[in-house]
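*Asks:* Provided herewith is a single structure, encoded as structure tokens, for subsequent inquiry.
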Amino acid sequence: MTRKFFVGGNWKMNGDKKSLGELIQTMNGAKVDPNVDVVCGAPTIYLDFARSKLDAKFGVAAQNCYKVAKGAFTGETSPAMIKDCGVEWVILGHSERRHVFGESDELIGQKTAHALESGLGVIACIGEKLDEREGGITEKVVFAQTKVIADNVKDWSKVVLAYEPVWAIGTGKTASPQQAQEVHHKLRDWLKTHVSEAVANSVRIIYGGSVTGGTCKELASQKDVDGFLVGGASLKPEIIEIINAKA
Ligand code: PGA
């Protein structure tokens, strides 16, 4: 089973029309491997802008959404609104949503279910914190997070699972290729046991956490690493190198 390589850029709360416009121009003009799904996670306010400027071969993702279609939820954005802007994806469960904004597994599960029902693809993020890794409970943590997501997914063809160890995000401490492969392999095994062999074989499990042009190639060569979710480096021309990691 070949899984199409998937590279998501997570711009987080960065950039403005000028700098993002320049980045988009660089991406549109670059030579990118056609065998890679590329999706840019833009700030909500710039979703429309990003979608209208980015070449159609690149996808766009929101970085969050709410769990219902509409209503009195000041400041929130629904999957229906995201779709209305021509945007196809949403990142859910990112560690900053979990740990800075206190989102629970339950809420992330509800958002996942509603986003998928609304027709968005979901980049579902999981990952252990440093004390959890040091305490030897990495598997326990990521399996529990994956279970809540799995309980809310009917159609796995629209889901990409992003393993992002919290200690590697924005720290410059990339997980080693072996560390990433080990967790990805265990996640695939978990999916085999708890969902199905077909889903385990087809779902893309991507790695995130300080991925750079320098670290991407060896990570990408790991059997169960099907792509990346890239923060800092996704704001630089370096993202092209990461998209082409397998080329
Ligand atoms: P980073 O962020 O690449 O800057 O570590 C990754 C992420 O948060 O998705």
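The way I read the labels, and the way they are meant: chains A, B, ... in the order of the structure tokens, residue 1 as the first residue of every chain, and ligand 1 as the first ligand shown, with later ones counted on from there.
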What's the 10 Å shell around Lys217 of chain A, counting only C-alpha atoms, without same-chain residues fewer than 4 positions away, as a PyMOL selection string?

*Replies:* chain A and resi 177+211-213+221-222+241-247

*Asks:* For the contact check between segment 150-209 of chain A and segment 74-96 of chain A, emit one row per residue of segment 150-209 of chain A within 12 Å, containing the shortest atom pair and the distance in Å rounded to one decimal, counting only C-alpha atoms, chain then rising number order, as a Markdown table.

*Replies:*
```
| residue | atom | partner | partner_atom | distance |
| --- | --- | --- | --- | --- |
| A:Lys158 | CA | A:Trp89 | CA | 8.9 |
| A:Val159 | CA | A:Trp89 | CA | 9.4 |
| A:Val160 | CA | A:Ile91 | CA | 9.4 |
| A:Leu161 | CA | A:Ile91 | CA | 9.9 |
| A:Ala162 | CA | A:His94 | CA | 8.8 |
| A:Tyr163 | CA | A:His94 | CA | 9.8 |
| A:Glu164 | CA | A:Ser95 | CA | 7.8 |
| A:Pro165 | CA | A:Ser95 | CA | 8.6 |
| A:Val166 | CA | A:Ser95 | CA | 6.5 |
| A:Trp167 | CA | A:Ser95 | CA | 10.1 |
| A:Ala168 | CA | A:Ser95 | CA | 10.8 |
| A:Ile169 | CA | A:Ser95 | CA | 8.5 |
| A:Gly170 | CA | A:Glu96 | CA | 10.7 |
| A:Gly208 | CA | A:His94 | CA | 10.2 |
| A:Gly209 | CA | A:Ser95 | CA | 10.6 |
```

*Asks:* Taking into account only C-alpha atoms, which residue in the set A:Ala56, A:Asp226, A:Ala115, A:Thr215 is nearest to Thr174 of chain A?

*Replies:*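 Using only C-alpha atoms, the shortest distance to Thr174 of chain A belongs to A:Thr215.
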
*Asks:* From the set A:Gly136, A:Gly127, A:Gly119, A:Gly59, which residue has the shortest atom-to-atom contact distance to ligand 1, counting only C-alpha atoms and all ligand atoms?

*Replies:* A:Gly127

*Asks:* List every residue of segment 74-105 of chain A that DSSP, applied to the backbone of this structure, assigns to alpha helix (DSSP H), and report them as a count of residues only.

*Replies:* 12

*Asks:* State, in Å with one decimal place, the distance from atom CA of Lys111 of chain A to atom CA of Ile126 of chain A.

*Replies:*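 That distance, rounded to one decimal, is 14.4 Å.
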
*Asks:* As an exercise, work out the distance from atom CA of Leu191 of chain A to atom CA of Gly135 of chain A in Å and give it to one decimal place.

*Replies:*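 Computing it gives 23.7 Å between the two atoms.
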
*Asks:* Identify which of the residues A:Ile137, A:Cys125, A:Val203, A:Ala50 lies closest to ligand 1, counting only C-alpha atoms and all ligand atoms when measuring atom-to-atom distances.

*Replies:* A:Cys125

*Asks:* Can you list, as a ChimeraX atom specification, all residues belonging to segment 23-172 of chain A that DSSP tags as strand (DSSP E)?

*Replies:* /A:36-41,59-62,89-92,121-126,159-163

*Asks:* Store the residues picked out above, limited to N, CA, C and O atoms, as a short mmCIF file (atom, residue, chain, number, x, y, z; two decimals), in the first residue's frame.

*Replies:*
```cif
data_model
loop_
_atom_site.label_atom_id
_atom_site.label_comp_id
_atom_site.auth_asym_id
_atom_site.auth_seq_id
_atom_site.Cartn_x
_atom_site.Cartn_y
_atom_site.Cartn_z
N VAL A 36 2.93 14.70 -3.82
CA VAL A 36 2.80 15.12 -2.42
C VAL A 36 1.55 15.97 -2.26
O VAL A 36 1.29 16.86 -3.07
N ASP A 37 0.77 15.67 -1.25
CA ASP A 37 -0.34 16.56 -0.88
C ASP A 37 0.22 17.66 -0.01
O ASP A 37 0.85 17.38 1.03
N VAL A 38 0.01 18.91 -0.41
CA VAL A 38 0.52 20.04 0.36
C VAL A 38 -0.66 20.89 0.84
O VAL A 38 -1.55 21.22 0.04
N VAL A 39 -0.67 21.19 2.12
CA VAL A 39 -1.77 21.95 2.69
C VAL A 39 -1.20 23.03 3.60
O VAL A 39 -0.35 22.74 4.45
N CYS A 40 -1.63 24.27 3.41
CA CYS A 40 -1.13 25.38 4.24
C CYS A 40 -2.17 25.79 5.28
O CYS A 40 -3.29 26.14 4.94
N GLY A 41 -1.78 25.74 6.54
CA GLY A 41 -2.68 26.11 7.64
C GLY A 41 -2.58 27.60 7.91
O GLY A 41 -1.63 28.08 8.52
N GLY A 59 -3.49 22.74 -1.03
CA GLY A 59 -4.67 22.84 -0.19
C GLY A 59 -4.49 23.91 0.86
O GLY A 59 -3.37 24.39 1.11
N VAL A 60 -5.59 24.29 1.48
CA VAL A 60 -5.54 25.24 2.60
C VAL A 60 -6.26 24.60 3.79
O VAL A 60 -7.24 23.88 3.60
N ALA A 61 -5.75 24.85 4.98
CA ALA A 61 -6.37 24.34 6.20
C ALA A 61 -6.63 25.47 7.17
O ALA A 61 -5.82 26.40 7.28
N ALA A 62 -7.75 25.37 7.88
CA ALA A 62 -7.94 26.23 9.05
C ALA A 62 -7.16 25.58 10.20
O ALA A 62 -6.83 24.40 10.15
N TRP A 89 -9.56 21.73 4.56
CA TRP A 89 -8.97 21.03 5.70
C TRP A 89 -9.08 21.84 6.98
O TRP A 89 -9.19 23.07 6.93
N VAL A 90 -8.97 21.14 8.11
CA VAL A 90 -8.81 21.83 9.39
C VAL A 90 -7.83 21.03 10.26
O VAL A 90 -7.84 19.80 10.23
N ILE A 91 -6.98 21.76 10.95
CA ILE A 91 -6.08 21.14 11.94
C ILE A 91 -6.83 21.11 13.26
O ILE A 91 -7.34 22.14 13.71
N LEU A 92 -6.93 19.96 13.89
CA LEU A 92 -7.60 19.88 15.19
C LEU A 92 -6.71 19.20 16.23
O LEU A 92 -5.90 18.34 15.88
N GLY A 121 -11.60 17.78 5.55
CA GLY A 121 -10.60 16.82 5.97
C GLY A 121 -10.01 17.28 7.29
O GLY A 121 -9.95 18.49 7.55
N VAL A 122 -9.58 16.35 8.11
CA VAL A 122 -9.07 16.71 9.44
C VAL A 122 -7.62 16.23 9.60
O VAL A 122 -7.32 15.06 9.37
N ILE A 123 -6.76 17.17 9.98
CA ILE A 123 -5.41 16.82 10.40
C ILE A 123 -5.48 16.77 11.92
O ILE A 123 -5.57 17.80 12.59
N ALA A 124 -5.54 15.56 12.46
CA ALA A 124 -5.77 15.37 13.90
C ALA A 124 -4.43 15.19 14.60
O ALA A 124 -3.67 14.28 14.28
N CYS A 125 -4.17 16.08 15.56
CA CYS A 125 -2.85 16.08 16.20
C CYS A 125 -2.87 15.42 17.58
O CYS A 125 -3.79 15.63 18.37
N ILE A 126 -1.83 14.66 17.83
CA ILE A 126 -1.64 14.01 19.12
C ILE A 126 -0.17 14.13 19.50
O ILE A 126 0.66 14.42 18.63
N VAL A 159 -8.96 11.70 6.99
CA VAL A 159 -8.20 12.00 8.22
C VAL A 159 -6.71 11.75 8.01
O VAL A 159 -6.31 10.75 7.42
N VAL A 160 -5.92 12.70 8.48
CA VAL A 160 -4.47 12.52 8.56
C VAL A 160 -4.12 12.63 10.04
O VAL A 160 -4.57 13.56 10.72
N LEU A 161 -3.36 11.68 10.54
CA LEU A 161 -2.98 11.69 11.95
C LEU A 161 -1.59 12.32 12.06
O LEU A 161 -0.65 11.87 11.40
N ALA A 162 -1.50 13.37 12.89
CA ALA A 162 -0.20 14.05 13.05
C ALA A 162 0.36 13.75 14.43
O ALA A 162 -0.22 14.17 15.44
N TYR A 163 1.48 13.03 14.46
CA TYR A 163 2.16 12.78 15.73
C TYR A 163 3.13 13.93 15.97
O TYR A 163 4.10 14.10 15.21
#
```

*Asks:* Would you mind reading off the distance between atom CA of Lys57 of chain A and atom CA of Gly227 of chain A, one decimal, in Å?

*Replies:*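 Spanning atom CA of Lys57 of chain A to atom CA of Gly227 of chain A is a straight-line distance of 16.9 Å.
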